[in-house]
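J.: Coordinates in model21.txt, compact mmCIF, C-alpha atoms, are listed below.
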```
# COMPACT_ATOMS: atom_id res chain seq x y z
CA MET H 1 146.08 31.22 71.41
CA LEU H 2 148.24 29.52 68.79
CA LEU H 3 147.86 32.61 66.58
CA ALA H 4 148.96 34.86 69.44
CA ALA H 5 152.03 32.70 70.07
CA ALA H 6 152.87 32.71 66.37
CA ALA H 7 152.65 36.49 66.32
CA LEU H 8 155.03 36.67 69.27
CA LEU H 9 157.55 34.49 67.51
CA ALA H 10 157.26 36.17 64.14
CA ALA H 11 157.38 39.76 65.37
CA GLY H 12 160.57 41.70 64.86
CA THR H 13 162.10 39.36 62.29
CA ALA H 14 161.65 41.51 59.18
CA HIS H 15 165.15 43.04 59.16
CA ALA H 16 167.21 43.92 56.11
CA GLU H 17 170.46 44.14 58.11
CA THR H 18 173.04 41.38 58.13
CA TYR H 19 175.09 41.14 61.31
CA ALA H 20 178.48 39.47 61.66
CA ILE H 21 178.93 38.77 65.36
CA GLN H 22 182.57 37.86 66.01
CA ALA H 23 183.11 35.78 69.14
CA GLY H 24 186.10 34.41 71.00
CA ARG H 25 184.04 31.33 71.87
CA VAL H 26 180.55 30.22 70.81
CA VAL H 27 178.16 28.05 72.79
CA VAL H 28 175.80 26.88 70.07
CA ASP H 29 174.04 24.42 72.36
CA ALA H 30 174.72 24.30 76.10
CA ALA H 31 174.56 20.51 75.94
CA LYS H 32 177.50 20.37 73.50
CA PRO H 33 181.15 21.52 73.53
CA ALA H 34 181.76 25.16 72.65
CA LEU H 35 183.30 26.30 69.39
CA GLY H 36 186.49 28.35 69.26
CA PRO H 37 186.78 31.78 67.60
CA SER H 38 183.83 32.07 65.23
CA THR H 39 181.52 34.51 63.49
CA ILE H 40 177.75 34.21 63.72
CA LEU H 41 175.93 35.58 60.69
CA VAL H 42 172.46 36.93 61.36
CA GLU H 43 170.19 37.62 58.40
CA ASN H 44 166.59 38.80 58.60
CA GLY H 45 166.52 38.25 62.34
CA ARG H 46 167.71 34.63 62.17
CA ILE H 47 170.92 32.69 62.57
CA ALA H 48 172.11 32.15 58.99
CA ARG H 49 175.36 30.27 59.60
CA ILE H 50 178.42 30.14 61.82
CA LEU H 51 181.83 30.61 60.23
CA PRO H 52 185.23 29.83 61.75
CA GLY H 53 187.41 32.76 62.76
CA ALA H 54 186.68 36.48 62.60
CA ALA H 55 184.83 36.81 59.31
CA ALA H 56 183.41 40.12 58.07
CA PRO H 57 181.26 39.63 54.95
CA ALA H 58 180.80 42.65 52.72
CA GLY H 59 177.92 44.85 53.81
CA ALA H 60 177.49 43.19 57.21
CA ILE H 61 177.29 45.14 60.45
CA VAL H 62 180.30 43.82 62.39
CA VAL H 63 179.87 43.27 66.12
CA ASP H 64 183.24 42.65 67.76
CA GLU H 65 182.77 40.33 70.73
CA ARG H 66 186.08 38.50 70.29
CA SER H 67 186.92 38.92 73.97
CA ARG H 68 183.67 37.25 75.02
CA THR H 69 181.67 34.05 74.77
CA VAL H 70 178.55 34.27 72.62
CA MET H 71 175.76 31.94 73.75
CA PRO H 72 172.00 31.53 73.41
CA GLY H 73 169.93 34.04 75.33
CA MET H 74 168.42 32.74 78.55
CA THR H 75 164.74 32.15 79.28
CA ASP H 76 163.09 32.96 82.60
CA VAL H 77 159.76 31.14 82.90
CA HIS H 78 158.62 32.91 86.08
CA VAL H 79 158.72 36.69 86.34
CA HIS H 80 156.39 39.52 87.35
CA LEU H 81 157.31 42.41 85.10
CA THR H 82 154.81 44.91 86.51
CA GLY H 83 156.01 44.50 90.11
CA ASP H 84 158.84 46.26 91.94
CA SER H 85 161.22 44.50 94.32
CA GLY H 86 161.81 45.49 97.92
CA GLN H 87 158.34 46.92 98.54
CA PRO H 88 156.13 46.35 101.62
CA TRP H 89 153.36 43.78 101.20
CA TYR H 90 150.66 46.46 101.01
CA THR H 91 152.23 48.48 98.18
CA SER H 92 150.05 46.90 95.51
CA LEU H 93 146.98 48.32 97.26
CA THR H 94 148.05 51.93 96.75
CA GLN H 95 146.87 54.13 93.90
CA LYS H 96 150.41 54.34 92.54
CA TYR H 97 150.26 50.67 91.61
CA SER H 98 147.31 50.87 89.28
CA ALA H 99 147.21 48.75 86.14
CA ALA H 100 148.17 51.80 84.09
CA TYR H 101 151.21 52.48 86.23
CA GLY H 102 152.04 48.79 86.11
CA VAL H 103 152.49 49.02 82.35
CA THR H 104 155.21 51.63 82.80
CA ARG H 105 156.99 49.47 85.36
CA GLY H 106 156.61 46.42 83.15
CA LEU H 107 158.33 48.11 80.24
CA VAL H 108 161.20 49.22 82.47
CA HIS H 109 161.64 45.73 83.88
CA ALA H 110 161.37 44.09 80.46
CA LYS H 111 164.38 46.13 79.37
CA GLU H 112 166.22 45.18 82.57
CA MET H 113 165.56 41.50 81.93
CA ALA H 114 166.90 41.77 78.39
CA ARG H 115 170.02 43.57 79.56
CA ALA H 116 170.52 40.83 82.14
CA GLY H 117 170.73 38.26 79.32
CA PHE H 118 167.15 37.05 79.06
CA THR H 119 165.77 36.96 75.53
CA THR H 120 162.50 35.23 76.51
CA VAL H 121 160.47 35.62 79.70
CA ARG H 122 157.13 34.34 80.93
CA ASP H 123 155.17 36.72 83.15
CA LEU H 124 153.31 34.51 85.61
CA GLY H 125 151.01 36.89 87.38
CA GLY H 126 149.94 40.48 86.94
CA ASP H 127 146.95 42.57 85.98
CA THR H 128 145.76 40.93 82.77
CA SER H 129 145.37 44.09 80.72
CA ALA H 130 148.69 45.50 81.95
CA VAL H 131 150.87 42.49 81.15
CA ILE H 132 149.23 42.03 77.75
CA ALA H 133 149.99 45.69 77.00
CA VAL H 134 153.63 45.19 77.99
CA ARG H 135 153.91 42.03 75.91
CA ASP H 136 152.41 43.62 72.84
CA ALA H 137 154.36 46.89 73.10
CA VAL H 138 157.65 44.98 73.22
CA ARG H 139 156.54 42.59 70.48
CA ASP H 140 155.63 45.47 68.19
CA GLY H 141 159.04 47.08 68.64
CA ALA H 142 157.80 50.14 70.55
CA PHE H 143 160.07 49.33 73.49
CA PRO H 144 163.18 47.14 73.90
CA GLY H 145 162.82 43.86 75.74
CA PRO H 146 162.71 40.09 75.50
CA ARG H 147 160.07 37.91 73.88
CA VAL H 148 157.26 37.92 76.45
CA PHE H 149 154.60 35.35 77.29
CA VAL H 150 151.92 36.19 79.88
CA SER H 151 149.41 34.46 82.13
CA GLY H 152 147.49 37.49 83.31
CA ALA H 153 145.84 37.24 86.72
CA PRO H 154 146.38 33.87 88.44
CA LEU H 155 143.45 31.76 89.56
CA SER H 156 142.96 31.62 93.34
CA ILE H 157 140.55 30.31 95.92
CA ILE H 158 138.69 32.79 98.12
CA GLY H 159 141.24 33.94 100.69
CA GLY H 160 144.06 32.39 98.72
CA HIS H 161 147.40 33.67 97.49
CA ALA H 162 146.00 35.70 94.58
CA ASP H 163 142.74 36.88 96.17
CA PRO H 164 143.21 40.68 96.41
CA ALA H 165 141.05 40.74 99.54
CA THR H 166 143.18 38.24 101.48
CA GLY H 167 144.27 39.49 104.88
CA LEU H 168 142.36 42.78 104.67
CA PRO H 169 139.76 44.06 107.15
CA PRO H 170 136.21 42.97 106.21
CA GLU H 171 135.06 46.48 105.31
CA ILE H 172 137.88 46.81 102.75
CA ALA H 173 137.65 43.21 101.54
CA ASN H 174 133.92 43.61 100.94
CA VAL H 175 134.48 46.68 98.77
CA ILE H 176 137.06 44.82 96.69
CA GLU H 177 134.77 41.84 96.27
CA GLU H 178 131.77 44.02 95.37
CA HIS H 179 133.44 46.38 92.91
CA GLY H 180 136.48 44.50 91.64
CA ASP H 181 136.53 42.37 88.49
CA ASN H 182 137.94 39.37 90.34
CA TYR H 183 136.69 36.58 88.11
CA THR H 184 139.93 34.66 88.64
CA VAL H 185 138.96 34.08 92.27
CA CYS H 186 136.83 31.02 91.71
CA THR H 187 135.08 28.20 93.52
CA GLY H 188 133.97 24.92 92.00
CA VAL H 189 134.59 23.30 88.66
CA LEU H 190 132.29 25.56 86.62
CA GLN H 191 133.68 28.84 87.96
CA CYS H 192 137.25 27.65 87.44
CA GLN H 193 136.51 26.62 83.86
CA THR H 194 134.83 29.97 83.23
CA ALA H 195 137.85 31.84 84.57
CA VAL H 196 140.16 29.94 82.22
CA ARG H 197 137.92 30.70 79.25
CA LYS H 198 137.82 34.42 80.12
CA LEU H 199 141.60 34.60 80.36
CA ALA H 200 141.94 32.77 77.06
CA ALA H 201 139.52 35.22 75.48
CA ALA H 202 141.58 38.12 76.83
CA GLY H 203 144.58 36.81 74.92
CA VAL H 204 146.90 35.26 77.50
CA ASP H 205 149.52 32.65 76.56
CA VAL H 206 149.39 30.44 79.66
CA ILE H 207 147.16 29.85 82.69
CA LYS H 208 148.52 30.05 86.22
CA PHE H 209 146.72 28.88 89.34
CA MET H 210 147.58 28.89 93.02
CA ALA H 211 147.56 25.22 93.93
CA THR H 212 148.71 26.04 97.46
CA GLY H 213 149.08 28.99 99.77
CA GLY H 214 151.85 31.49 99.20
CA VAL H 215 154.58 33.13 101.21
CA LEU H 216 154.16 36.80 100.30
CA ASP H 217 150.48 37.32 101.03
CA PRO H 218 149.24 38.62 104.38
CA GLY H 219 146.96 35.64 104.94
CA ALA H 220 147.62 32.86 107.42
CA MET H 221 146.16 29.90 105.52
CA GLY H 222 149.49 28.11 105.28
CA LEU H 223 151.35 26.68 102.32
CA GLU H 224 149.32 23.56 101.65
CA GLN H 225 146.68 22.62 99.08
CA HIS H 226 144.06 25.25 98.23
CA PHE H 227 142.03 24.22 95.18
CA THR H 228 140.40 20.80 95.37
CA ASP H 229 141.61 17.95 93.17
CA GLU H 230 138.51 18.37 90.99
CA GLU H 231 139.03 22.11 90.61
CA MET H 232 142.68 21.65 89.64
CA LYS H 233 141.79 19.05 87.02
CA ALA H 234 139.12 21.35 85.61
CA ILE H 235 141.66 24.18 85.32
CA CYS H 236 144.28 22.00 83.64
CA ASP H 237 141.83 20.30 81.30
CA MET H 238 140.25 23.58 80.23
CA SER H 239 143.66 25.21 79.75
CA HIS H 240 144.71 22.42 77.43
CA ALA H 241 141.36 22.52 75.64
CA MET H 242 142.09 26.22 74.97
CA HIS H 243 145.53 25.19 73.62
CA LEU H 244 147.28 26.81 76.59
CA LYS H 245 149.91 25.46 78.96
CA CYS H 246 149.18 25.77 82.67
CA ALA H 247 151.50 26.44 85.59
CA ALA H 248 150.91 25.83 89.29
CA HIS H 249 152.27 27.93 92.11
CA ALA H 250 152.84 25.18 94.68
CA HIS H 251 154.82 25.00 97.94
CA GLY H 252 153.42 22.18 100.09
CA PRO H 253 153.85 18.51 99.13
CA VAL H 254 150.17 17.53 99.08
CA GLY H 255 149.24 20.46 96.85
CA ILE H 256 152.21 19.79 94.59
CA ARG H 257 151.16 16.18 94.06
CA ALA H 258 147.54 17.17 93.42
CA ALA H 259 148.58 19.69 90.75
CA ILE H 260 150.83 17.19 89.00
CA ARG H 261 148.11 14.52 88.95
CA ALA H 262 145.68 17.12 87.60
CA GLY H 263 147.93 17.51 84.55
CA VAL H 264 149.77 20.78 85.19
CA ASP H 265 152.70 21.49 82.85
CA SER H 266 155.02 23.05 85.42
CA ILE H 267 155.42 23.31 89.17
CA GLU H 268 156.56 26.75 90.29
CA HIS H 269 158.61 26.91 93.51
CA GLY H 270 158.02 23.30 94.64
CA THR H 271 159.58 24.28 97.95
CA PHE H 272 158.58 21.35 100.15
CA ILE H 273 158.28 18.70 97.43
CA ASP H 274 158.70 15.14 98.71
CA ASP H 275 159.90 11.94 97.07
CA GLU H 276 156.38 10.99 96.03
CA GLY H 277 156.00 14.34 94.30
CA ILE H 278 159.30 13.89 92.49
CA ALA H 279 158.17 10.46 91.30
CA GLU H 280 154.92 11.98 90.02
CA MET H 281 156.83 14.68 88.13
CA LYS H 282 158.97 12.03 86.45
CA LYS H 283 155.91 9.98 85.58
CA HIS H 284 154.00 12.90 84.05
CA GLY H 285 156.93 14.75 82.47
CA THR H 286 156.19 17.84 84.55
CA TYR H 287 158.71 20.70 84.51
CA TYR H 288 160.20 22.17 87.68
CA SER H 289 160.95 25.88 88.13
CA ALA H 290 162.61 26.45 91.50
CA THR H 291 162.74 30.29 91.62
CA LEU H 292 165.72 30.30 93.98
CA MET H 293 166.31 34.04 93.56
CA ALA H 294 162.99 34.64 95.30
CA PHE H 295 164.53 33.42 98.53
CA THR H 296 167.05 36.26 98.39
CA GLY H 297 164.11 38.64 98.16
CA VAL H 298 162.52 36.96 101.18
CA GLN H 299 165.78 37.38 103.10
CA THR H 300 165.89 41.08 102.25
CA GLY H 301 162.28 41.58 103.26
CA LEU H 302 162.86 39.89 106.61
CA GLU H 303 165.92 42.04 107.26
CA LYS H 304 164.01 45.24 106.41
CA HIS H 305 160.88 44.20 108.37
CA LEU H 306 158.64 44.62 105.32
CA PHE H 307 156.33 41.73 106.17
CA THR H 308 153.40 40.90 108.40
CA PRO H 309 153.96 38.28 111.14
CA ALA H 310 152.23 35.66 109.00
CA ILE H 311 154.50 36.37 106.02
CA GLU H 312 157.58 36.34 108.26
CA ALA H 313 156.68 32.92 109.62
CA LYS H 314 156.09 31.48 106.16
CA GLY H 315 159.25 33.09 104.82
CA ARG H 316 161.47 31.67 107.54
CA SER H 317 160.07 28.18 107.00
CA THR H 318 160.95 28.28 103.29
CA LEU H 319 164.48 29.56 103.86
CA GLY H 320 165.18 26.40 105.87
CA VAL H 321 164.83 24.25 102.72
CA TRP H 322 166.32 26.65 100.15
CA GLY H 323 167.27 24.62 97.08
CA HIS H 324 166.32 21.22 98.53
CA GLY H 325 163.47 20.66 96.09
CA LEU H 326 165.61 21.49 93.07
CA ASN H 327 168.32 19.13 94.27
CA LYS H 328 165.81 16.29 94.54
CA ALA H 329 164.36 17.04 91.12
CA TYR H 330 167.78 17.30 89.49
CA ARG H 331 169.05 14.02 90.94
CA ALA H 332 165.87 12.29 89.78
CA GLY H 333 166.14 13.59 86.22
CA VAL H 334 163.05 15.83 86.30
CA HIS H 335 162.78 18.42 83.50
CA ILE H 336 164.11 21.74 84.82
CA ALA H 337 163.50 25.26 83.51
CA LEU H 338 165.01 28.40 85.00
CA GLY H 339 162.61 30.68 86.84
CA THR H 340 163.36 33.50 89.26
CA ASP H 341 160.08 35.01 90.52
CA SER H 342 161.48 38.48 89.85
CA ALA H 343 160.31 41.02 91.21
CA VAL H 344 160.60 39.30 94.59
CA ALA H 345 164.28 40.03 93.94
CA PRO H 346 165.34 42.72 91.42
CA HIS H 347 164.82 41.89 87.75
CA SER H 348 168.30 43.16 86.95
CA LEU H 349 169.83 40.40 89.12
CA ALA H 350 167.85 37.52 87.60
CA ALA H 351 170.93 35.88 86.03
CA ARG H 352 172.19 35.03 89.51
CA GLU H 353 169.65 32.22 89.46
CA VAL H 354 172.13 30.12 87.44
CA GLY H 355 174.71 30.29 90.21
CA LEU H 356 172.10 29.41 92.84
CA MET H 357 171.05 26.39 90.79
CA VAL H 358 174.64 25.21 91.22
CA SER H 359 175.34 26.27 94.82
CA LYS H 360 171.90 25.56 96.32
CA GLY H 361 170.43 23.04 93.89
CA GLY H 362 173.54 20.94 93.34
CA MET H 363 173.46 21.16 89.55
CA THR H 364 176.61 21.18 87.44
CA PRO H 365 177.36 24.49 85.71
CA ARG H 366 176.63 22.90 82.33
CA ASP H 367 173.28 21.47 83.41
CA ALA H 368 172.29 24.77 84.99
CA LEU H 369 173.12 26.49 81.70
CA ILE H 370 171.04 23.92 79.80
CA ALA H 371 168.09 24.69 82.08
CA ALA H 372 168.69 28.43 81.59
CA THR H 373 168.84 28.30 77.79
CA LYS H 374 166.90 25.22 76.65
CA GLY H 375 164.63 24.26 79.55
CA GLY H 376 162.35 27.28 79.26
CA PRO H 377 161.85 27.12 75.48
CA ASP H 378 161.11 23.40 75.73
CA LEU H 379 158.51 24.03 78.45
CA LEU H 380 156.95 26.90 76.51
CA GLY H 381 156.81 24.90 73.30
CA VAL H 382 159.18 27.20 71.39
CA GLY H 383 162.32 25.07 71.47
CA GLN H 384 162.29 24.93 67.68
CA GLU H 385 162.60 28.73 67.64
CA THR H 386 165.04 29.61 70.41
CA GLY H 387 167.34 28.13 73.06
CA THR H 388 170.28 27.24 70.79
CA LEU H 389 172.18 29.07 68.04
CA ASP H 390 171.48 26.51 65.34
CA PRO H 391 171.06 28.01 61.84
CA GLY H 392 167.45 28.87 61.08
CA LYS H 393 166.54 29.78 64.64
CA SER H 394 165.70 33.23 65.91
CA ALA H 395 168.77 35.34 66.63
CA ASP H 396 168.39 35.35 70.40
CA LEU H 397 171.93 35.59 71.75
CA ILE H 398 174.11 37.23 74.37
CA ALA H 399 177.84 37.82 74.83
CA VAL H 400 179.32 37.22 78.29
CA ASP H 401 182.72 37.53 79.93
CA GLY H 402 184.12 34.10 80.80
CA ASP H 403 183.10 30.53 80.13
CA PRO H 404 179.48 29.89 81.20
CA LEU H 405 179.91 26.13 80.77
CA SER H 406 182.26 26.06 83.76
CA ASP H 407 181.58 29.32 85.60
CA PRO H 408 177.91 30.07 86.35
CA ALA H 409 178.78 33.66 87.27
CA ALA H 410 179.76 34.30 83.64
CA VAL H 411 176.11 34.89 82.72
CA THR H 412 175.97 37.82 85.14
CA ARG H 413 178.60 39.62 83.04
CA VAL H 414 176.62 40.43 79.91
CA GLY H 415 178.08 42.82 77.35
CA TYR H 416 175.82 42.38 74.33
CA VAL H 417 172.25 41.18 73.76
CA MET H 418 170.25 40.51 70.61
CA VAL H 419 166.56 39.54 70.68
CA MET H 420 164.96 38.25 67.50
CA GLY H 421 167.71 39.89 65.47
CA LYS H 422 167.42 43.26 67.23
CA PRO H 423 170.36 44.54 69.33
CA ILE H 424 169.25 45.67 72.80
CA PRO H 425 170.74 49.01 73.93
CA MET H 426 172.82 48.25 77.03
CA LYS H 427 172.67 51.84 78.30
CA ASP H 428 170.01 54.54 78.21
```
In structure tokens, write the structure found in this file.

T.:
Amino acid sequence: MLLAAAALLAAGTAHAETYAIQAGRVVVDAAKPALGPSTILVENGRIARILPGAAAPAGAIVVDERSRTVMPGMTDVHVHLTGDSGQPWYTSLTQKYSAAYGVTRGLVHAKEMARAGFTTVRDLGGDTSAVIAVRDAVRDGAFPGPRVFVSGAPLSIIGGHADPATGLPPEIANVIEEHGDNYTVCTGVLQCQTAVRKLAAAGVDVIKFMATGGVLDPGAMGLEQHFTDEEMKAICDMSHAMHLKCAAHAHGPVGIRAAIRAGVDSIEHGTFIDDEGIAEMKKHGTYYSATLMAFTGVQTGLEKHLFTPAIEAKGRSTLGVWGHGLNKAYRAGVHIALGTDSAVAPHSLAAREVGLMVSKGGMTPRDALIAATKGGPDLLGVGQETGTLDPGKSADLIAVDGDPLSDPAAVTRVGYVMVMGKPIPMKD
């Protein structure tokens, strides 16, 4: 998959245009002080240099953002581009939500994510063929959007969070099991290894597995460990053997610890993580993606009565510890990457995650911005390409109203976006 990742990074960089992006303030690196009025020169899709003041080199396309702060584009390491927010739990079972229709929704949401300030996203769960189609269409310049990485269908135990038959009557579940291509529902080391190999062969960029139960499935198996320790290790080992990172959906503390010890690269959600789990994350260098925006989606679903009783019960239990896991991880110095779990909440609102990382997770605005701009690229292994505005890197940048180093809401006020040297249209 190294060739696929290289293609993602290289796509869209063959531009003849030179841009001179004039800024009132420039955040080159969220970990460092901002520059004053400056001009960012973009040549052939890359940051060429940063000049003081409002420069306008001959022949350059001048972009006047002198009233705004220009900063690196954000990275969201946990999205679901082909899903729609605010839908009942059974919506995905309807004909409307076929894989083909999912591609159309994915392209719409990719554009929404870019307009919200995200220049890189990682889709962590969708029909494999659909999300690959979205990724490649955006990469090839057919549609506007961020750089996209995909996992395809997540691995699940029978009856687990990503088993399409979970919670359905036996006569329907049996039809799905008999006629569906559900190879990612696996049991035992060999089946789990086979599933990873099939996903790798399909062209995914990362492997995701459901280490524990989930909130938004109609099953009642709880939020604790699903795959066995041996199965998790087989998944992680095979992912790494295929040169792929792996991510674990994990809520309960026992399942979280098992996934970390198995060698997973990131814990997604980590809702009920305990001190032992935090210590394991520090020991193994595991990244934490808290997906705090998802809790707003859970709140909305509860208010609109969109859920089954089992989902309601699980949802209410998670709302009681909203942000607690991130606060523990942050205080312990665990690696943090921004993730939202959009479409549990709308993709267009994803930037609100930064504010929640401050208000719910206890992070400083600067550290939340570091997680939003640098944490994701570091986790994905593309930190040398994006995440800061250092010369030579891909021109992935946004212009926002206000100072994002002190005001986390500034990133929700995006006026200009460039992805890999291509301006994103902010209106249709």

J.: With distances taken over all atoms listed in the file, which residue among H:Gly203, H:Gly320, H:Pro404, H:Gly297 lies nearest H:Gln87?

T.: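 Answer, going by the shortest atom-to-atom distance: H:Gly297.
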
J.: When distances are computed from all atoms listed in the file, which of H:Ile273, H:Val150, H:Leu107, H:Ala241 shows the smallest separation from H:Gly255?

T.: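 Closest residue, counting all atoms listed in the file: H:Ile273.
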
J.: My list of candidates is H:Ser129, H:Thr308, H:Thr291, H:Thr187. Which is closest to H:Asp163 when distances are computed with all atoms listed in the file?

T.: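 Of all the options, H:Thr187 lies closest to H:Asp163.
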
J.: From the list H:Pro253, H:Ile132, H:Ala220, H:Ala259, which residue is nearest H:Leu199 when using all atoms listed in the file?

T.: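 Selected residue with least distance to H:Leu199: H:Ile132.
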
J.: Would you mind listing what lies within 10 Å of H:Ala54 as a count of residues only, with all atoms listed in the file counted and same-chain residues fewer than 6 positions away left out?

T.: 13

J.: For each of H:Val358, H:Ala116, H:Ala337, H:Ala153, take the minimum atom-to-atom distance to H:Ala202, counting only C-alpha atoms, then give the residue where this is smallest.

T.: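 Nearest to H:Ala202: H:Ala153.
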
J.: Determine, counting all atoms listed in the file, which protein, DNA and RNA residues have an atom within 8 Å of an atom of H:Ile47; residues of the same chain fewer than 4 positions away are not included. Present the result as an NGL selection string.

T.: :H and (40-43 or 389-395)

J.: Choose the residue, out of H:Val131, H:Ala234, H:Val411, H:Ala248, that has the smallest atom-to-atom separation from H:Gly214; count all atoms listed in the file.

T.: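 Smallest separation from H:Gly214 among the options: H:Ala248.
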
J.: Quick one: residues within 8 Å of H:Ile260, all atoms listed in the file counted, chain neighbours fewer than 5 positions away excluded, as an MDAnalysis selection string?

T.: chainID H and resid 265 267 277 280:281 284 286

J.: Got a sec: who's within 9 Å of H:Gly252, counting all atoms listed in the file, leaving out chain neighbours fewer than 6 positions off, as a PyMOL selection string?

T.: chain H and resi 212-213+222-225+270-274

J.: What residues have an atom no more than 7 Å from (141.8, 35.7, 87.7) in the file's own frame, counting only C-alpha atoms, and can you write them as a PyMOL selection string?

T.: chain H and resi 153-155+182-185+195

J.: Build an axis-aligned box that encloses every atom of stretch 387-405 of chain H listed in the file, pad it by 6 Å on each side, and report its centre and edge lengths in Å to one decimal, as lines of an AutoDock Vina configuration file.

T.:
```
center_x = 174.9
center_y = 32.0
center_z = 71.1
size_x = 30.4
size_y = 23.7
size_z = 32.1
```

J.: Go ahead and compute the interatomic distance for atom CA of H:Arg122 and atom CA of H:Val134, in Å to one decimal.

T.: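 Spanning atom CA of H:Arg122 to atom CA of H:Val134 is a straight-line distance of 11.8 Å.
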
J.: Can you tell me how far atom CA of H:Thr373 sits from atom CA of H:Gly53, in Å to one decimal?

T.: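 Calculated distance between atom CA of H:Thr373 and atom CA of H:Gly53 is 24.3 Å.
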
J.: Can you work out the spacing between atom CA of H:Val321 and atom CA of H:Glu268 in Å, to one decimal?

T.: 15.1 Å

J.: Mind checking which residues fall within 10 Å of H:Phe209, counting all atoms listed in the file, ignoring those fewer than 3 positions away in the same chain, and posting them as a list in words?

T.: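 These residues fall inside the cut-off: Leu124, Gly125, Ser151, Ala153, Pro154, Leu155, Ser156, Ile157, His161, Ala162, Thr184, Val185, Cys192, Val196, Thr212, His226, Phe227, Met232, Ile235, Cys236, Cys246, Ala247, Ala248, His249, Ala250, Ala259 and Val264 of chain H.
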
J.: If I only have part of stretch 188-193 of chain H, can you fill in all heavy atoms and write it as a PDB file, in the frame of the given file?

T.:
```pdb
ATOM      1  N   GLY H 188     134.690  25.946  92.724  1.00  0.00           N
ATOM      2  CA  GLY H 188     133.970  24.920  92.000  1.00  0.00           C
ATOM      3  C   GLY H 188     134.438  24.767  90.566  1.00  0.00           C
ATOM      4  O   GLY H 188     135.062  25.673  89.992  1.00  0.00           O
ATOM      5  N   VAL H 189     134.132  23.637  90.000  1.00  0.00           N
ATOM      6  CA  VAL H 189     134.590  23.300  88.660  1.00  0.00           C
ATOM      7  C   VAL H 189     134.111  24.323  87.616  1.00  0.00           C
ATOM      8  O   VAL H 189     134.900  24.804  86.794  1.00  0.00           O
ATOM      9  CB  VAL H 189     134.116  21.881  88.277  1.00  0.00           C
ATOM     10  CG1 VAL H 189     134.288  21.619  86.783  1.00  0.00           C
ATOM     11  CG2 VAL H 189     134.886  20.844  89.082  1.00  0.00           C
ATOM     12  N   LEU H 190     132.836  24.672  87.646  1.00  0.00           N
ATOM     13  CA  LEU H 190     132.290  25.560  86.620  1.00  0.00           C
ATOM     14  C   LEU H 190     132.927  26.943  86.663  1.00  0.00           C
ATOM     15  O   LEU H 190     133.312  27.499  85.627  1.00  0.00           O
ATOM     16  CB  LEU H 190     130.769  25.676  86.778  1.00  0.00           C
ATOM     17  CG  LEU H 190     130.057  26.554  85.736  1.00  0.00           C
ATOM     18  CD1 LEU H 190     130.330  26.046  84.322  1.00  0.00           C
ATOM     19  CD2 LEU H 190     128.559  26.596  86.012  1.00  0.00           C
ATOM     20  N   GLN H 191     133.055  27.524  87.857  1.00  0.00           N
ATOM     21  CA  GLN H 191     133.680  28.840  87.960  1.00  0.00           C
ATOM     22  C   GLN H 191     135.138  28.804  87.504  1.00  0.00           C
ATOM     23  O   GLN H 191     135.613  29.729  86.843  1.00  0.00           O
ATOM     24  CB  GLN H 191     133.605  29.369  89.395  1.00  0.00           C
ATOM     25  CG  GLN H 191     132.260  29.934  89.787  1.00  0.00           C
ATOM     26  CD  GLN H 191     132.311  30.646  91.131  1.00  0.00           C
ATOM     27  OE1 GLN H 191     133.374  30.819  91.723  1.00  0.00           O
ATOM     28  NE2 GLN H 191     131.154  31.076  91.611  1.00  0.00           N
ATOM     29  N   CYS H 192     135.848  27.755  87.846  1.00  0.00           N
ATOM     30  CA  CYS H 192     137.250  27.650  87.440  1.00  0.00           C
ATOM     31  C   CYS H 192     137.369  27.514  85.920  1.00  0.00           C
ATOM     32  O   CYS H 192     138.239  28.142  85.300  1.00  0.00           O
ATOM     33  CB  CYS H 192     137.904  26.452  88.127  1.00  0.00           C
ATOM     34  SG  CYS H 192     138.141  26.662  89.914  1.00  0.00           S
ATOM     35  N   GLN H 193     136.507  26.736  85.315  1.00  0.00           N
ATOM     36  CA  GLN H 193     136.510  26.620  83.860  1.00  0.00           C
ATOM     37  C   GLN H 193     136.182  27.954  83.195  1.00  0.00           C
ATOM     38  O   GLN H 193     136.791  28.337  82.192  1.00  0.00           O
ATOM     39  CB  GLN H 193     135.502  25.563  83.426  1.00  0.00           C
ATOM     40  CG  GLN H 193     135.904  24.135  83.771  1.00  0.00           C
ATOM     41  CD  GLN H 193     134.811  23.146  83.419  1.00  0.00           C
ATOM     42  OE1 GLN H 193     133.617  23.454  83.517  1.00  0.00           O
ATOM     43  NE2 GLN H 193     135.212  21.950  83.003  1.00  0.00           N
TER      44      GLN H 193
END
```
